[in-house]
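A.B. asks: After the structure tokens below, expect a handful of questions from me.
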Amino acid sequence: MQIKFYGVRGSIASPGKETVRYGGNTSCVFVEADDGTLFIFDAGTGIRKLGEDLIAQELSKEINLLFSHYHWDHIQGFPFFLPAYKKNQVINLLTAHLKDVNAHAVLTQMTNPHFPVPGDKLEARVILLSIDNNKLEIGENKIYSRSLNHPGGGSAYRLETPRGSMAYVTDNELDPPKPPVTAYQEWVDFLKNVDCLIHDAMYLDEDLEKIHGWGHSLISQVLQLAVDAKIKKLILFHHDPARTDAQLDQIGKDSRKWMKHHYPACKVYIAKEGDIHTIIDL
Ligand SMILES: [Zn+2]
Ligand SMILES: [Zn+2]
């Protein structure tokens with residue numbers, strides 16, 4: 001399985017010289033499983049470049065686009081996703097733990113006065129699907145879902161393939177001020193032994209007072225989760241738009257140092273646009 005990052009920011013795209021190395025596009029992660037099944041997690045602004053790459057590679061296989069939720073930073077790239085304008089292209093828009101009617105938000109954002117091409121006039125065959133009972137099989141791959149602790153709800157995903165596993169958990173508050181939809185121990189169980197965890201790591205401990213209840217996690221909480229769930233590779237994701245490259249370098253350094261002392265089997269990375277992570281039975 002190969003994982004490629006196309007957008008790593010939260011909230012809003014943040015291009016500029018201070019963010020150019022890690023990238024300024026919002027959430028979009030591309031996963032190609034070993035059996036060739038294509039998965040995309042979220043359609044933030046990063047999906048524009050992914051669409052160009054898929055067209056250039058003439059990859060016209062069915063695309064499975066899984067949404068964590070429908071906040072802007074996770075859907076707003078979809079109108080610029082070229083495969084959606086391609087005849088005979090099938091795109092499954094998948095969600096879990098969200099009201100089915102809200103799935104239309106991905107297409108209804110393509111409406112006057114926001115966008116010139118209506119969402120119901122796309123050339124591709126776009127199919128809205130929801131994952132029932134927390135489980136779905138596509139090819140030789142299994143997808144499991146859990147409810148996010150996030151305003152308005154949402155879904156986390158764990159993808160199991162015969163040769164490795166990954167999980168995509170963004171816009172998730174591990175320790176919210178109100179009773180959580182999914183408790184900490186349930187996250188530990190859901191993510192146990194996953195090869196590669198991509199998790200929301202938007203804030204620092206000193207931000208807590210201001211952001212408690214916003215539906216995002218502290219980096220320190222995510223590091224602890226990786227220890228408790230025995231994660232092999234942790235990728236910190238959904239960076240605050242104001243976080244500079246220099247600050248992310250420092251966060252990476254501090255996080256790796258912490259992990260070395262607490263659970264050296266886990267390797268920590270900062271999600272970076274363009275980075276590819278290959279998962280082969282780690
Ligand atoms: Zn977000
Ligand atoms: Zn959100």
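Letters for chains follow the order of the structure tokens (A, B, ...), residue numbers begin at 1 for each chain, and ligand numbers begin at 1 in the order shown.
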Within 8 Å of range 190-194 of chain A, counting only C-alpha atoms, which residues show up once you throw out same-chain ones fewer than 6 positions away? Write them as a VMD selection string, please.

C.D. replies: chain A and resid 146 158 165 to 167 229 to 232

A.B. asks: Produce a file of the selected residues containing C-alpha atoms, as an mmCIF file, in the first residue's frame.

C.D. replies:
data_model
loop_
_atom_site.group_PDB
_atom_site.id
_atom_site.type_symbol
_atom_site.label_atom_id
_atom_site.label_comp_id
_atom_site.auth_asym_id
_atom_site.auth_seq_id
_atom_site.Cartn_x
_atom_site.Cartn_y
_atom_site.Cartn_z
ATOM 1 C CA ARG A 146 -15.726 5.119 14.109
ATOM 2 C CA ARG A 158 -9.149 2.146 9.411
ATOM 3 C CA SER A 165 -2.991 -1.280 7.611
ATOM 4 C CA MET A 166 -3.474 2.460 7.913
ATOM 5 C CA ALA A 167 -5.935 4.740 9.711
ATOM 6 C CA ALA A 229 -2.318 1.660 20.587
ATOM 7 C CA LYS A 230 1.177 0.385 19.667
ATOM 8 C CA ILE A 231 1.324 2.290 16.397
ATOM 9 C CA LYS A 232 4.338 1.612 14.166
#

A.B. asks: Tell me, which residues of range 31-202 of chain A carry DSSP strand (DSSP E or B), written as a PyMOL selection string?

C.D. replies: chain A and resi 31-32+38-41+63-66+90-95+125-130+135-138+141-147+155-161+164-169+196-200

A.B. asks: Limited to C-alpha atoms, could you put the picked residues into a file as a PDB file, in the first residue's frame?

C.D. replies:
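Now in out19.pdb:
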ATOM      1  CA  VAL A  31      -3.931   5.623  -0.946  1.00  0.00           C
ATOM      2  CA  GLU A  32      -3.303   2.963  -3.562  1.00  0.00           C
ATOM      3  CA  LEU A  38      -7.833   3.600  -5.188  1.00  0.00           C
ATOM      4  CA  PHE A  39      -8.828   5.445  -2.039  1.00  0.00           C
ATOM      5  CA  ILE A  40      -8.843   9.175  -1.371  1.00  0.00           C
ATOM      6  CA  PHE A  41      -9.413  10.539   2.119  1.00  0.00           C
ATOM      7  CA  ILE A  63     -12.230   6.049  -7.196  1.00  0.00           C
ATOM      8  CA  ASN A  64     -13.354   5.621  -3.579  1.00  0.00           C
ATOM      9  CA  LEU A  65     -13.443   9.056  -1.963  1.00  0.00           C
ATOM     10  CA  LEU A  66     -14.012   8.832   1.791  1.00  0.00           C
ATOM     11  CA  VAL A  90     -16.894   6.201 -11.473  1.00  0.00           C
ATOM     12  CA  ILE A  91     -16.447   8.099  -8.205  1.00  0.00           C
ATOM     13  CA  ASN A  92     -17.932   6.701  -4.993  1.00  0.00           C
ATOM     14  CA  LEU A  93     -18.437   9.382  -2.342  1.00  0.00           C
ATOM     15  CA  LEU A  94     -18.348   7.451   0.940  1.00  0.00           C
ATOM     16  CA  THR A  95     -19.161   8.504   4.474  1.00  0.00           C
ATOM     17  CA  ARG A 125     -20.797   8.816 -12.518  1.00  0.00           C
ATOM     18  CA  VAL A 126     -20.814  10.079  -8.930  1.00  0.00           C
ATOM     19  CA  ILE A 127     -22.396   7.698  -6.439  1.00  0.00           C
ATOM     20  CA  LEU A 128     -23.210   8.641  -2.827  1.00  0.00           C
ATOM     21  CA  LEU A 129     -22.705   5.730  -0.429  1.00  0.00           C
ATOM     22  CA  SER A 130     -22.686   5.396   3.325  1.00  0.00           C
ATOM     23  CA  LYS A 135     -17.588  -2.037   7.917  1.00  0.00           C
ATOM     24  CA  LEU A 136     -17.176  -2.186   4.145  1.00  0.00           C
ATOM     25  CA  GLU A 137     -15.141  -4.418   1.812  1.00  0.00           C
ATOM     26  CA  ILE A 138     -13.698  -3.144  -1.467  1.00  0.00           C
ATOM     27  CA  ASN A 141      -9.471  -4.427   1.477  1.00  0.00           C
ATOM     28  CA  LYS A 142     -11.625  -3.874   4.547  1.00  0.00           C
ATOM     29  CA  ILE A 143     -12.637  -0.441   5.821  1.00  0.00           C
ATOM     30  CA  TYR A 144     -13.795   0.106   9.396  1.00  0.00           C
ATOM     31  CA  SER A 145     -15.242   3.353  10.752  1.00  0.00           C
ATOM     32  CA  ARG A 146     -15.726   5.119  14.109  1.00  0.00           C
ATOM     33  CA  SER A 147     -17.466   8.369  15.103  1.00  0.00           C
ATOM     34  CA  SER A 155     -15.955   9.528  10.741  1.00  0.00           C
ATOM     35  CA  ALA A 156     -12.524   8.014  11.269  1.00  0.00           C
ATOM     36  CA  TYR A 157     -11.410   5.157   9.029  1.00  0.00           C
ATOM     37  CA  ARG A 158      -9.149   2.146   9.411  1.00  0.00           C
ATOM     38  CA  LEU A 159      -8.105   0.448   6.195  1.00  0.00           C
ATOM     39  CA  GLU A 160      -6.943  -3.164   6.439  1.00  0.00           C
ATOM     40  CA  THR A 161      -5.207  -4.768   3.468  1.00  0.00           C
ATOM     41  CA  GLY A 164      -0.624  -3.714   5.967  1.00  0.00           C
ATOM     42  CA  SER A 165      -2.991  -1.280   7.611  1.00  0.00           C
ATOM     43  CA  MET A 166      -3.474   2.460   7.913  1.00  0.00           C
ATOM     44  CA  ALA A 167      -5.935   4.740   9.711  1.00  0.00           C
ATOM     45  CA  TYR A 168      -7.142   8.243   8.892  1.00  0.00           C
ATOM     46  CA  VAL A 169      -8.389  10.099  11.960  1.00  0.00           C
ATOM     47  CA  CYS A 196       0.397   3.793   9.931  1.00  0.00           C
ATOM     48  CA  LEU A 197      -1.796   6.264  11.812  1.00  0.00           C
ATOM     49  CA  ILE A 198      -2.558   9.690  10.331  1.00  0.00           C
ATOM     50  CA  HIS A 199      -4.078  11.759  13.154  1.00  0.00           C
ATOM     51  CA  ASP A 200      -5.228  15.342  13.713  1.00  0.00           C
TER      52      ASP A 200
END

A.B. asks: I'd like the contact shell of Gln109 in chain A - 9 Å cut-off, only C-alpha atoms, skipping same-chain residues fewer than 5 positions apart - returned as a list in words.

C.D. replies: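 Surrounding residues, per the criterion: Ile75, Gln76, Pro79, His104, His114, Phe115, Pro118 and Gly119 of chain A.
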
A.B. asks: Given the choices A:Glu140, A:Asp73, A:Asp132, A:Asp207, which gets closest to ligand 2 if the distance is worked out from only C-alpha atoms and all ligand atoms?

C.D. replies: A:Asp73

A.B. asks: Per residue of chain A within 7 Å of ligand 2, note the shortest atom pair and the distance in Å to one decimal, counting only C-alpha atoms and all ligand atoms, and order the rows by chain and increasing residue number, as CSV.

C.D. replies:
residue,atom,partner,partner_atom_place_in_ligand_line,distance
A:His69,CA,ligand 2,1 (Zn),6.7
A:His71,CA,ligand 2,1 (Zn),5.0
A:His150,CA,ligand 2,1 (Zn),6.7
A:Asp171,CA,ligand 2,1 (Zn),5.2

A.B. asks: Go ahead and dump the residues you just picked, C-alpha atoms, as a PDB file, in the first residue's frame.

C.D. replies:
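Just written: selection31.pdb:
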ATOM      1  CA  HIS A  69     -16.978  15.175   7.394  1.00  0.00           C
ATOM      2  CA  HIS A  71     -16.447  21.116   6.757  1.00  0.00           C
ATOM      3  CA  HIS A 150     -15.933  16.852  16.407  1.00  0.00           C
ATOM      4  CA  ASP A 171     -10.751  16.522  13.113  1.00  0.00           C
TER       5      ASP A 171
END

A.B. asks: Show me which residues line ligand 1, defined as having an atom within 10 Å of a ligand atom where only C-alpha atoms and all ligand atoms count, and present them as a PDB file with N, CA and C atoms, in the first residue's frame.

C.D. replies:
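What ended up in result05.pdb:
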ATOM      1  N   VAL A   8      -2.257  18.834   3.750  1.00  0.00           N
ATOM      2  CA  VAL A   8      -1.971  18.468   5.144  1.00  0.00           C
ATOM      3  C   VAL A   8      -2.454  19.508   6.159  1.00  0.00           C
ATOM      4  N   ARG A   9      -3.067  20.600   5.659  1.00  0.00           N
ATOM      5  CA  ARG A   9      -3.492  21.694   6.536  1.00  0.00           C
ATOM      6  C   ARG A   9      -4.918  21.522   7.023  1.00  0.00           C
ATOM      7  N   GLY A  10      -5.225  22.174   8.142  1.00  0.00           N
ATOM      8  CA  GLY A  10      -6.593  22.264   8.612  1.00  0.00           C
ATOM      9  C   GLY A  10      -7.150  23.639   8.332  1.00  0.00           C
ATOM     10  N   SER A  11      -8.468  23.740   8.400  1.00  0.00           N
ATOM     11  CA  SER A  11      -9.221  25.005   8.400  1.00  0.00           C
ATOM     12  C   SER A  11      -9.262  25.779   7.084  1.00  0.00           C
ATOM     13  N   ILE A  12      -8.090  26.191   6.609  1.00  0.00           N
ATOM     14  CA  ILE A  12      -8.068  26.985   5.375  1.00  0.00           C
ATOM     15  C   ILE A  12      -6.698  26.837   4.716  1.00  0.00           C
ATOM     16  N   THR A  26      -5.322  22.118   1.916  1.00  0.00           N
ATOM     17  CA  THR A  26      -6.096  21.454   2.973  1.00  0.00           C
ATOM     18  C   THR A  26      -6.281  19.965   2.651  1.00  0.00           C
ATOM     19  N   SER A  27      -6.782  19.245   3.649  1.00  0.00           N
ATOM     20  CA  SER A  27      -6.753  17.783   3.746  1.00  0.00           C
ATOM     21  C   SER A  27      -7.077  16.984   2.490  1.00  0.00           C
ATOM     22  N   ASP A  42     -10.719  12.551   1.975  1.00  0.00           N
ATOM     23  CA  ASP A  42     -11.076  13.972   1.953  1.00  0.00           C
ATOM     24  C   ASP A  42     -10.685  14.698   0.653  1.00  0.00           C
ATOM     25  N   GLY A  44     -10.059  18.193   0.304  1.00  0.00           N
ATOM     26  CA  GLY A  44      -9.603  19.567   0.520  1.00  0.00           C
ATOM     27  C   GLY A  44      -8.916  20.073  -0.741  1.00  0.00           C
ATOM     28  N   SER A  68     -14.172  12.519   5.895  1.00  0.00           N
ATOM     29  CA  SER A  68     -14.205  12.522   7.367  1.00  0.00           C
ATOM     30  C   SER A  68     -15.456  13.268   7.820  1.00  0.00           C
ATOM     31  N   HIS A  69     -15.789  14.368   7.132  1.00  0.00           N
ATOM     32  CA  HIS A  69     -16.978  15.175   7.394  1.00  0.00           C
ATOM     33  C   HIS A  69     -17.037  16.248   6.304  1.00  0.00           C
ATOM     34  N   TYR A  70     -17.970  17.164   6.413  1.00  0.00           N
ATOM     35  CA  TYR A  70     -18.194  18.090   5.292  1.00  0.00           C
ATOM     36  C   TYR A  70     -17.811  19.538   5.592  1.00  0.00           C
ATOM     37  N   HIS A  71     -16.961  19.759   6.573  1.00  0.00           N
ATOM     38  CA  HIS A  71     -16.447  21.116   6.757  1.00  0.00           C
ATOM     39  C   HIS A  71     -15.656  21.502   5.502  1.00  0.00           C
ATOM     40  N   TRP A  72     -15.616  22.807   5.222  1.00  0.00           N
ATOM     41  CA  TRP A  72     -15.054  23.311   3.958  1.00  0.00           C
ATOM     42  C   TRP A  72     -13.676  22.752   3.625  1.00  0.00           C
ATOM     43  N   ASP A  73     -12.813  22.719   4.659  1.00  0.00           N
ATOM     44  CA  ASP A  73     -11.430  22.314   4.380  1.00  0.00           C
ATOM     45  C   ASP A  73     -11.321  20.851   3.939  1.00  0.00           C
ATOM     46  N   HIS A  74     -12.449  20.123   3.951  1.00  0.00           N
ATOM     47  CA  HIS A  74     -12.431  18.704   3.553  1.00  0.00           C
ATOM     48  C   HIS A  74     -13.224  18.442   2.273  1.00  0.00           C
ATOM     49  N   ILE A  75     -13.889  19.474   1.751  1.00  0.00           N
ATOM     50  CA  ILE A  75     -14.689  19.261   0.526  1.00  0.00           C
ATOM     51  C   ILE A  75     -14.385  20.272  -0.581  1.00  0.00           C
ATOM     52  N   HIS A 150     -16.109  15.631  17.186  1.00  0.00           N
ATOM     53  CA  HIS A 150     -15.933  16.852  16.407  1.00  0.00           C
ATOM     54  C   HIS A 150     -17.288  17.545  16.262  1.00  0.00           C
ATOM     55  N   THR A 170      -8.922  12.385  11.400  1.00  0.00           N
ATOM     56  CA  THR A 170      -8.678  13.828  11.482  1.00  0.00           C
ATOM     57  C   THR A 170      -9.923  14.559  11.954  1.00  0.00           C
ATOM     58  N   ASP A 171      -9.693  15.746  12.488  1.00  0.00           N
ATOM     59  CA  ASP A 171     -10.751  16.522  13.113  1.00  0.00           C
ATOM     60  C   ASP A 171     -11.374  15.700  14.235  1.00  0.00           C
ATOM     61  N   ASN A 172     -10.497  15.334  15.159  1.00  0.00           N
ATOM     62  CA  ASN A 172     -10.902  14.480  16.270  1.00  0.00           C
ATOM     63  C   ASN A 172     -10.274  14.993  17.565  1.00  0.00           C
ATOM     64  N   ASP A 200      -5.113  13.912  13.402  1.00  0.00           N
ATOM     65  CA  ASP A 200      -5.228  15.342  13.713  1.00  0.00           C
ATOM     66  C   ASP A 200      -4.268  15.680  14.860  1.00  0.00           C
ATOM     67  N   MET A 202      -3.429  19.263  15.662  1.00  0.00           N
ATOM     68  CA  MET A 202      -3.483  20.672  15.294  1.00  0.00           C
ATOM     69  C   MET A 202      -2.858  21.607  16.330  1.00  0.00           C
ATOM     70  N   GLY A 215     -12.809  20.406  18.789  1.00  0.00           N
ATOM     71  CA  GLY A 215     -12.836  19.174  17.989  1.00  0.00           C
ATOM     72  C   GLY A 215     -11.499  18.799  17.387  1.00  0.00           C
ATOM     73  N   HIS A 216     -10.406  19.250  18.020  1.00  0.00           N
ATOM     74  CA  HIS A 216      -9.067  18.894  17.535  1.00  0.00           C
ATOM     75  C   HIS A 216      -8.204  18.434  18.708  1.00  0.00           C
ATOM     76  N   HIS A 238      -3.169  17.662   9.681  1.00  0.00           N
ATOM     77  CA  HIS A 238      -4.157  18.740   9.858  1.00  0.00           C
ATOM     78  C   HIS A 238      -3.525  19.880  10.658  1.00  0.00           C
ATOM     79  N   HIS A 239      -2.389  20.384  10.116  1.00  0.00           N
ATOM     80  CA  HIS A 239      -1.646  21.436  10.805  1.00  0.00           C
ATOM     81  C   HIS A 239      -2.447  22.736  10.836  1.00  0.00           C
ATOM     82  N   ASP A 240      -2.288  23.462  11.929  1.00  0.00           N
ATOM     83  CA  ASP A 240      -2.890  24.792  12.039  1.00  0.00           C
ATOM     84  C   ASP A 240      -2.387  25.642  10.854  1.00  0.00           C
TER      85      ASP A 240
END

A.B. asks: How far is it from CA of Asp205 in chain A to CA of Ser217 in chain A, in Å with one decimal?

C.D. replies: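 Atom-to-atom, CA of Asp205 in chain A and CA of Ser217 in chain A are spaced 9.5 Å apart.
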